[in-house]
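Data block for coords_33.pdb (PDB, C-alpha atoms, pLDDT in the B column):
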```pdb
ATOM      1  CA  MET L  86     143.097 255.082  77.346  1.00 59.00           C
ATOM      2  CA  SER L  87     143.891 251.480  78.311  1.00 77.00           C
ATOM      3  CA  TYR L  88     147.435 251.906  76.928  1.00 76.00           C
ATOM      4  CA  THR L  89     148.023 254.886  79.226  1.00 80.00           C
ATOM      5  CA  ILE L  90     146.673 253.033  82.267  1.00 84.00           C
ATOM      6  CA  ALA L  91     148.780 249.953  81.485  1.00 80.00           C
ATOM      7  CA  SER L  92     151.841 252.139  80.996  1.00 80.00           C
ATOM      8  CA  ARG L  93     151.347 253.725  84.420  1.00 85.00           C
ATOM      9  CA  ILE L  94     150.780 250.350  86.068  1.00 87.00           C
ATOM     10  CA  LEU L  95     154.026 249.041  84.547  1.00 88.00           C
ATOM     11  CA  PHE L  96     156.095 252.023  85.761  1.00 90.00           C
ATOM     12  CA  PRO L  97     157.624 250.031  88.679  1.00 92.00           C
ATOM     13  CA  LEU L  98     159.109 247.689  86.064  1.00 93.00           C
ATOM     14  CA  TYR L  99     161.026 250.653  84.605  1.00 93.00           C
ATOM     15  CA  LEU L 100     162.521 251.191  88.051  1.00 94.00           C
ATOM     16  CA  LEU L 101     163.311 247.494  88.497  1.00 94.00           C
ATOM     17  CA  THR L 102     164.968 247.325  85.075  1.00 95.00           C
ATOM     18  CA  SER L 103     167.031 250.409  85.905  1.00 95.00           C
ATOM     19  CA  PHE L 104     168.009 248.909  89.267  1.00 96.00           C
ATOM     20  CA  CYS L 105     169.183 245.716  87.538  1.00 95.00           C
ATOM     21  CA  ILE L 106     171.365 247.788  85.198  1.00 96.00           C
ATOM     22  CA  VAL L 107     172.891 249.617  88.173  1.00 96.00           C
ATOM     23  CA  VAL L 108     173.569 246.273  89.900  1.00 95.00           C
ATOM     24  CA  LEU L 109     175.237 244.965  86.733  1.00 95.00           C
ATOM     25  CA  MET L 110     177.464 248.030  86.501  1.00 96.00           C
ATOM     26  CA  ALA L 111     178.345 247.973  90.211  1.00 95.00           C
ATOM     27  CA  VAL L 112     179.161 244.259  90.289  1.00 95.00           C
ATOM     28  CA  SER L 113     181.200 244.412  87.078  1.00 94.00           C
ATOM     29  CA  PHE L 114     183.136 247.503  88.141  1.00 95.00           C
ATOM     30  CA  SER L 115     183.757 246.234  91.666  1.00 95.00           C
ATOM     31  CA  ASP L 116     184.780 242.778  90.505  1.00 93.00           C
ATOM     32  CA  VAL L 117     187.311 244.177  88.016  1.00 93.00           C
ATOM     33  CA  ILE L 118     188.842 246.441  90.648  1.00 94.00           C
ATOM     34  CA  LEU L 119     188.892 243.724  93.301  1.00 94.00           C
ATOM     35  CA  ARG L 120     190.338 241.151  90.875  1.00 92.00           C
ATOM     36  CA  SER L 121     193.293 243.439  90.295  1.00 92.00           C
ATOM     37  CA  LEU L 122     193.806 243.343  94.075  1.00 93.00           C
ATOM     38  CA  ASN L 123     193.441 239.517  94.098  1.00 91.00           C
ATOM     39  CA  HIS L 124     190.112 239.642  95.989  1.00 91.00           C
ATOM     40  CA  PRO L 125     187.362 238.937  93.417  1.00 90.00           C
ATOM     41  CA  ILE L 126     183.720 239.048  94.462  1.00 89.00           C
ATOM     42  CA  PRO L 127     182.536 235.494  95.236  1.00 88.00           C
ATOM     43  CA  GLY L 128     179.635 234.667  92.942  1.00 86.00           C
ATOM     44  CA  ALA L 129     180.039 237.764  90.737  1.00 89.00           C
ATOM     45  CA  TYR L 130     179.346 235.708  87.623  1.00 89.00           C
ATOM     46  CA  GLU L 131     176.129 234.292  89.128  1.00 90.00           C
ATOM     47  CA  ILE L 132     174.996 237.711  90.329  1.00 92.00           C
ATOM     48  CA  THR L 133     175.565 239.042  86.812  1.00 93.00           C
ATOM     49  CA  GLU L 134     173.612 236.156  85.263  1.00 92.00           C
ATOM     50  CA  ILE L 135     170.643 236.673  87.571  1.00 93.00           C
ATOM     51  CA  ALA L 136     170.689 240.468  87.149  1.00 94.00           C
ATOM     52  CA  VAL L 137     170.675 240.142  83.348  1.00 95.00           C
ATOM     53  CA  GLY L 138     167.794 237.663  83.484  1.00 94.00           C
ATOM     54  CA  ALA L 139     165.824 239.855  85.879  1.00 95.00           C
ATOM     55  CA  MET L 140     166.476 242.902  83.687  1.00 96.00           C
ATOM     56  CA  VAL L 141     165.294 241.150  80.530  1.00 96.00           C
ATOM     57  CA  PHE L 142     162.144 239.739  82.102  1.00 96.00           C
ATOM     58  CA  ALA L 143     161.326 242.990  83.937  1.00 96.00           C
ATOM     59  CA  ALA L 144     161.547 244.855  80.634  1.00 95.00           C
ATOM     60  CA  LEU L 145     159.483 242.255  78.718  1.00 95.00           C
ATOM     61  CA  PRO L 146     156.011 243.639  79.581  1.00 94.00           C
ATOM     62  CA  ILE L 147     157.170 247.193  78.808  1.00 93.00           C
ATOM     63  CA  VAL L 148     158.612 246.185  75.454  1.00 92.00           C
ATOM     64  CA  THR L 149     155.451 244.213  74.703  1.00 92.00           C
ATOM     65  CA  LEU L 150     153.144 247.099  75.592  1.00 90.00           C
ATOM     66  CA  ARG L 151     155.108 249.593  73.493  1.00 89.00           C
ATOM     67  CA  GLN L 152     155.605 247.118  70.600  1.00 85.00           C
ATOM     68  CA  GLU L 153     159.336 247.773  70.643  1.00 85.00           C
ATOM     69  CA  HIS L 154     160.321 244.158  70.063  1.00 79.00           C
ATOM     70  CA  VAL L 155     161.880 242.914  66.841  1.00 76.00           C
ATOM     71  CA  ARG L 156     159.254 242.569  64.123  1.00 72.00           C
ATOM     72  CA  VAL L 157     159.228 241.169  60.645  1.00 71.00           C
ATOM     73  CA  THR L 158     157.129 243.208  58.259  1.00 73.00           C
ATOM     74  CA  LEU L 159     157.136 241.035  55.154  1.00 73.00           C
ATOM     75  CA  PHE L 160     153.527 241.783  54.225  1.00 71.00           C
ATOM     76  CA  ARG L 161     153.463 245.442  55.312  1.00 73.00           C
ATOM     77  CA  THR L 162     152.646 246.722  51.798  1.00 75.00           C
ATOM     78  CA  VAL L 163     149.657 244.363  51.530  1.00 74.00           C
ATOM     79  CA  ALA L 164     148.467 245.272  55.012  1.00 73.00           C
ATOM     80  CA  ASP L 165     148.792 248.988  54.254  1.00 77.00           C
ATOM     81  CA  ARG L 166     146.686 248.570  51.132  1.00 80.00           C
ATOM     82  CA  TYR L 167     143.862 246.528  52.693  1.00 79.00           C
ATOM     83  CA  ARG L 168     142.651 247.400  56.189  1.00 80.00           C
ATOM     84  CA  TRP L 169     141.072 243.963  56.749  1.00 81.00           C
ATOM     85  CA  VAL L 170     144.410 242.239  56.097  1.00 78.00           C
ATOM     86  CA  ASP L 171     146.065 244.512  58.647  1.00 77.00           C
ATOM     87  CA  LEU L 172     143.385 243.669  61.227  1.00 83.00           C
ATOM     88  CA  LEU L 173     143.709 239.959  60.443  1.00 85.00           C
ATOM     89  CA  PHE L 174     147.510 240.051  60.862  1.00 83.00           C
ATOM     90  CA  MET L 175     147.147 241.971  64.116  1.00 82.00           C
ATOM     91  CA  ALA L 176     144.579 239.551  65.545  1.00 86.00           C
ATOM     92  CA  VAL L 177     146.555 236.450  64.560  1.00 88.00           C
ATOM     93  CA  SER L 178     149.895 237.826  65.769  1.00 86.00           C
ATOM     94  CA  ARG L 179     148.424 238.904  69.115  1.00 89.00           C
ATOM     95  CA  GLY L 180     146.721 235.543  69.559  1.00 93.00           C
ATOM     96  CA  VAL L 181     149.954 233.700  68.835  1.00 92.00           C
ATOM     97  CA  GLY L 182     151.857 236.096  71.101  1.00 92.00           C
ATOM     98  CA  VAL L 183     149.498 235.509  74.032  1.00 95.00           C
ATOM     99  CA  ALA L 184     149.743 231.739  73.510  1.00 96.00           C
ATOM    100  CA  VAL L 185     153.553 231.863  73.440  1.00 96.00           C
ATOM    101  CA  TYR L 186     153.735 234.021  76.591  1.00 97.00           C
ATOM    102  CA  LEU L 187     151.367 231.694  78.429  1.00 97.00           C
ATOM    103  CA  PHE L 188     153.398 228.671  77.297  1.00 98.00           C
ATOM    104  CA  PHE L 189     156.621 230.255  78.583  1.00 97.00           C
ATOM    105  CA  ALA L 190     154.934 231.266  81.847  1.00 97.00           C
ATOM    106  CA  TRP L 191     153.691 227.731  82.418  1.00 98.00           C
ATOM    107  CA  HIS L 192     157.123 226.206  81.768  1.00 97.00           C
ATOM    108  CA  LEU L 193     158.931 228.776  83.903  1.00 97.00           C
ATOM    109  CA  LEU L 194     156.455 228.191  86.733  1.00 97.00           C
ATOM    110  CA  ARG L 195     157.116 224.435  86.522  1.00 97.00           C
ATOM    111  CA  LEU L 196     160.871 225.098  86.461  1.00 96.00           C
ATOM    112  CA  GLY L 197     160.585 227.304  89.545  1.00 96.00           C
ATOM    113  CA  ASN L 198     158.606 224.627  91.360  1.00 96.00           C
ATOM    114  CA  GLN L 199     161.221 222.001  90.451  1.00 96.00           C
ATOM    115  CA  MET L 200     164.005 224.291  91.671  1.00 96.00           C
ATOM    116  CA  SER L 201     162.117 224.929  94.896  1.00 95.00           C
ATOM    117  CA  ASP L 202     161.521 221.216  95.508  1.00 95.00           C
ATOM    118  CA  ALA L 203     165.184 220.442  94.835  1.00 94.00           C
ATOM    119  CA  GLY L 204     166.398 223.380  96.933  1.00 92.00           C
ATOM    120  CA  ALA L 205     168.425 224.735  94.002  1.00 91.00           C
ATOM    121  CA  ARG L 206     170.820 227.501  94.981  1.00 92.00           C
ATOM    122  CA  ALA L 207     173.518 229.480  93.213  1.00 86.00           C
ATOM    123  CA  ILE L 208     176.795 227.637  93.759  1.00 85.00           C
ATOM    124  CA  PHE L 209     179.001 230.544  94.836  1.00 84.00           C
ATOM    125  CA  ALA L 210     176.539 233.313  95.746  1.00 79.00           C
ATOM    126  CA  GLY L 211     174.251 230.894  97.605  1.00 84.00           C
ATOM    127  CA  PHE L 212     170.875 232.509  96.922  1.00 88.00           C
ATOM    128  CA  PRO L 213     167.855 230.361  95.949  1.00 92.00           C
ATOM    129  CA  LEU L 214     167.078 230.204  92.227  1.00 92.00           C
ATOM    130  CA  ALA L 215     163.355 229.371  92.280  1.00 94.00           C
ATOM    131  CA  PRO L 216     162.164 232.953  92.931  1.00 95.00           C
ATOM    132  CA  PHE L 217     163.874 234.113  89.747  1.00 95.00           C
ATOM    133  CA  ALA L 218     162.069 231.480  87.664  1.00 96.00           C
ATOM    134  CA  TRP L 219     158.784 232.478  89.326  1.00 97.00           C
ATOM    135  CA  PHE L 220     159.520 236.136  88.585  1.00 97.00           C
ATOM    136  CA  ALA L 221     160.170 235.293  84.921  1.00 97.00           C
ATOM    137  CA  ALA L 222     156.888 233.351  84.801  1.00 97.00           C
ATOM    138  CA  ALA L 223     155.029 236.297  86.321  1.00 97.00           C
ATOM    139  CA  MET L 224     156.529 238.698  83.778  1.00 97.00           C
ATOM    140  CA  CYS L 225     155.467 236.393  80.937  1.00 97.00           C
ATOM    141  CA  MET L 226     151.940 236.384  82.395  1.00 97.00           C
ATOM    142  CA  VAL L 227     151.928 240.192  82.622  1.00 95.00           C
ATOM    143  CA  SER L 228     153.163 240.362  79.028  1.00 95.00           C
ATOM    144  CA  ALA L 229     150.301 238.091  77.924  1.00 96.00           C
ATOM    145  CA  ILE L 230     147.853 240.396  79.709  1.00 93.00           C
ATOM    146  CA  VAL L 231     149.208 243.649  78.231  1.00 93.00           C
ATOM    147  CA  LEU L 232     149.662 242.326  74.689  1.00 91.00           C
ATOM    148  CA  PRO L 233     146.044 242.998  73.617  1.00 88.00           C
ATOM    149  CA  PHE L 234     146.462 246.641  74.737  1.00 84.00           C
ATOM    150  CA  SER L 235     149.802 247.146  73.006  1.00 84.00           C
ATOM    151  CA  ARG L 236     150.530 249.747  70.388  1.00 80.00           C
ATOM    152  CA  LYS L 237     153.518 251.641  69.071  1.00 72.00           C
ATOM    153  CA  ALA L 238     154.614 254.289  71.525  1.00 59.00           C
ATOM    154  CA  PRO L 239     153.886 257.759  70.118  1.00 56.00           C
ATOM    155  CA  ASP L 240     157.511 258.868  70.597  1.00 57.00           C
ATOM    156  CA  SER L 241     158.903 255.878  68.653  1.00 52.00           C
ATOM    157  CA  GLU L 242     156.476 255.818  65.734  1.00 50.00           C
ATOM    158  CA  GLY L 243     158.152 254.565  62.576  1.00 50.00           C
ATOM    159  CA  MET L 244     161.367 253.508  64.305  1.00 48.00           C
ATOM    160  CA  GLY L 245     162.647 250.013  63.739  1.00 47.00           C
ATOM    161  CA  GLU L 246     160.602 249.355  60.620  1.00 47.00           C
ATOM    162  CA  VAL L 247     162.299 247.226  57.986  1.00 39.00           C
TER     163      VAL L 247
END
```
Since I need it in another form, could you write the structure as structure tokens?
Amino acid sequence: MSYTIASRILFPLYLLTSFCIVVLMAVSFSDVILRSLNHPIPGAYEITEIAVGAMVFAALPIVTLRQEHVRVTLFRTVADRYRWVDLLFMAVSRGVGVAVYLFFAWHLLRLGNQMSDAGARAIFAGFPLAPFAWFAAAMCMVSAIVLPFSRKAPDSEGMGEV
């Protein structure tokens, strides 16, 4: 039940991730065409960098909720044999995951504040950089919140297991 609710709440992130992909395609395509006409897009490289970062961080809570990240299953046979070992691994891994997400969120928030104080801007495109660090921090916080509710998506069960 909580997985379904979280999945519906995170739906706007699907749209944002898709929008970032469209921006990447449009900027790349346009820049290649305009470069051949000797009129490249000013700041195309920076726009691409920011769009990739926004795409990755927008997708992070979705990937976390659906447990579609890269996993190492070294002790899978032991965990399959003993239910308590599986529960122990799950509790420890989720605890470590929440701690790591909170650590990243804290550092990205500090980085955004430093960028804001310094007035950091993209050199060629000219947009401020602090909001992107704050967005990344917020997505790490959302990932820390959804991690306890995460499970394998029903349509991807068994995929990606090593």
Next on the checklist: Quick one: residues within 12 Å of Gly211 in chain L, all atoms listed in the file, excluding same-chain residues fewer than 5 positions away - as a count of residues only?
Outcome noted: 8
Item to check | Exercise: Leu232 in chain L partners within 8 Å, only C-alpha atoms, chain neighbours under 4 positions left out, as a PyMOL selection string | outcome: chain L and resi 149-150+179+182-183+228
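If you look at CA of Ala143 in chain L and CA of Met175 in chain L, they are 24.4 Å away from each other.
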Item to check | Option closest in space to Phe220 in chain L, from L:Ala139, L:Ala207, L:Leu159, L:Val177 [counting all atoms listed in the file] | outcome: L:Ala139
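Closest approach to Phe104 in chain L from the set L:His124, L:Ala229, L:Phe209, L:Val137 is made by L:Val137, with distances taken over all atoms listed in the file.
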Item to check | Among the residues L:Gly138, L:Pro125, L:Pro97, L:Pro146, the one that comes closest to Phe234 in chain L [using all atoms listed in the file] | outcome: L:Pro146
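Interatomic distance, CA of Leu122 in chain L against CA of Val107 in chain L: 22.6 Å.
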Checklist entry - Could you write out as a PyMOL selection string the residues that the PyMOL selection byres ((chain L and resi 217) around 12) matches in the shown file? => result chain L and resi 132+134-143+193-194+196-198+200-201+205-207+212-216+218-224
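Coordinates place CA of Ser113 in chain L at a distance of 18.2 Å from CA of Leu101 in chain L.
Residues in contact range of Leu187 in chain L, defined as at most 8 Å between all atoms listed in the file, with sequence neighbours fewer than 3 positions away removed, read Val183, Ala184, Ala190, Trp191, Cys225, Met226 and Ala229 of chain L.
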Could you please take those selected residues and save C-alpha atoms as a CSV table (one decimal), in the coordinates of the input?
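Final output, saved to result.csv:
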```csv
chain,number,residue,atom,x,y,z
L,183,VAL,CA,149.5,235.5,74.0
L,184,ALA,CA,149.7,231.7,73.5
L,190,ALA,CA,154.9,231.3,81.8
L,191,TRP,CA,153.7,227.7,82.4
L,225,CYS,CA,155.5,236.4,80.9
L,226,MET,CA,151.9,236.4,82.4
L,229,ALA,CA,150.3,238.1,77.9
```
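Between Arg156 in chain L and the residues L:Tyr88, L:His192, L:Ser121, L:Lys237, the shortest atom-to-atom distance, using all atoms listed in the file, involves L:Lys237.
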Please return range 205-226 of chain L, rebuilt to N, CA and C atoms, as an mmCIF file, in the frame of the given file.
```cif
data_model
loop_
_atom_site.group_PDB
_atom_site.id
_atom_site.type_symbol
_atom_site.label_atom_id
_atom_site.label_comp_id
_atom_site.auth_asym_id
_atom_site.auth_seq_id
_atom_site.Cartn_x
_atom_site.Cartn_y
_atom_site.Cartn_z
ATOM 1 N N ALA L 205 167.356 224.228 94.860
ATOM 2 C CA ALA L 205 168.425 224.735 94.002
ATOM 3 C C ALA L 205 168.895 226.109 94.470
ATOM 4 N N ARG L 206 170.212 226.245 94.548
ATOM 5 C CA ARG L 206 170.820 227.501 94.981
ATOM 6 C C ARG L 206 171.995 227.808 94.062
ATOM 7 N N ALA L 207 172.331 229.083 93.957
ATOM 8 C CA ALA L 207 173.518 229.480 93.213
ATOM 9 C C ALA L 207 174.743 228.903 93.928
ATOM 10 N N ILE L 208 175.669 228.365 93.171
ATOM 11 C CA ILE L 208 176.795 227.637 93.759
ATOM 12 C C ILE L 208 177.675 228.540 94.619
ATOM 13 N N PHE L 209 178.080 229.687 94.094
ATOM 14 C CA PHE L 209 179.001 230.544 94.836
ATOM 15 C C PHE L 209 178.277 231.625 95.637
ATOM 16 N N ALA L 210 177.242 232.226 95.060
ATOM 17 C CA ALA L 210 176.539 233.313 95.746
ATOM 18 C C ALA L 210 175.594 232.764 96.816
ATOM 19 N N GLY L 211 175.049 231.564 96.593
ATOM 20 C CA GLY L 211 174.251 230.894 97.605
ATOM 21 C C GLY L 211 172.783 231.263 97.685
ATOM 22 N N PHE L 212 172.289 232.149 96.825
ATOM 23 C CA PHE L 212 170.875 232.509 96.922
ATOM 24 C C PHE L 212 170.010 231.494 96.186
ATOM 25 N N PRO L 213 168.743 231.325 96.606
ATOM 26 C CA PRO L 213 167.855 230.361 95.949
ATOM 27 C C PRO L 213 167.490 230.824 94.538
ATOM 28 N N LEU L 214 167.339 229.876 93.628
ATOM 29 C CA LEU L 214 167.078 230.204 92.227
ATOM 30 C C LEU L 214 165.592 230.199 91.856
ATOM 31 N N ALA L 215 164.780 229.483 92.619
ATOM 32 C CA ALA L 215 163.355 229.371 92.280
ATOM 33 C C ALA L 215 162.644 230.714 92.171
ATOM 34 N N PRO L 216 162.875 231.678 93.067
ATOM 35 C CA PRO L 216 162.164 232.953 92.931
ATOM 36 C C PRO L 216 162.414 233.664 91.603
ATOM 37 N N PHE L 217 163.583 233.471 91.018
ATOM 38 C CA PHE L 217 163.874 234.113 89.747
ATOM 39 C C PHE L 217 163.083 233.462 88.609
ATOM 40 N N ALA L 218 162.904 232.155 88.664
ATOM 41 C CA ALA L 218 162.069 231.480 87.664
ATOM 42 C C ALA L 218 160.611 231.901 87.839
ATOM 43 N N TRP L 219 160.155 232.030 89.079
ATOM 44 C CA TRP L 219 158.784 232.478 89.326
ATOM 45 C C TRP L 219 158.579 233.918 88.854
ATOM 46 N N PHE L 220 159.593 234.758 89.065
ATOM 47 C CA PHE L 220 159.520 236.136 88.585
ATOM 48 C C PHE L 220 159.414 236.166 87.066
ATOM 49 N N ALA L 221 160.221 235.357 86.385
ATOM 50 C CA ALA L 221 160.170 235.293 84.921
ATOM 51 C C ALA L 221 158.803 234.809 84.458
ATOM 52 N N ALA L 222 158.227 233.837 85.149
ATOM 53 C CA ALA L 222 156.888 233.351 84.801
ATOM 54 C C ALA L 222 155.856 234.457 84.989
ATOM 55 N N ALA L 223 155.971 235.198 86.074
ATOM 56 C CA ALA L 223 155.029 236.297 86.321
ATOM 57 C C ALA L 223 155.139 237.375 85.249
ATOM 58 N N MET L 224 156.346 237.672 84.811
ATOM 59 C CA MET L 224 156.529 238.698 83.778
ATOM 60 C C MET L 224 155.987 238.218 82.426
ATOM 61 N N CYS L 225 156.083 236.929 82.158
ATOM 62 C CA CYS L 225 155.467 236.393 80.937
ATOM 63 C C CYS L 225 153.947 236.493 81.018
ATOM 64 N N MET L 226 153.389 236.245 82.209
ATOM 65 C CA MET L 226 151.940 236.384 82.395
ATOM 66 C C MET L 226 151.503 237.841 82.204
#
```
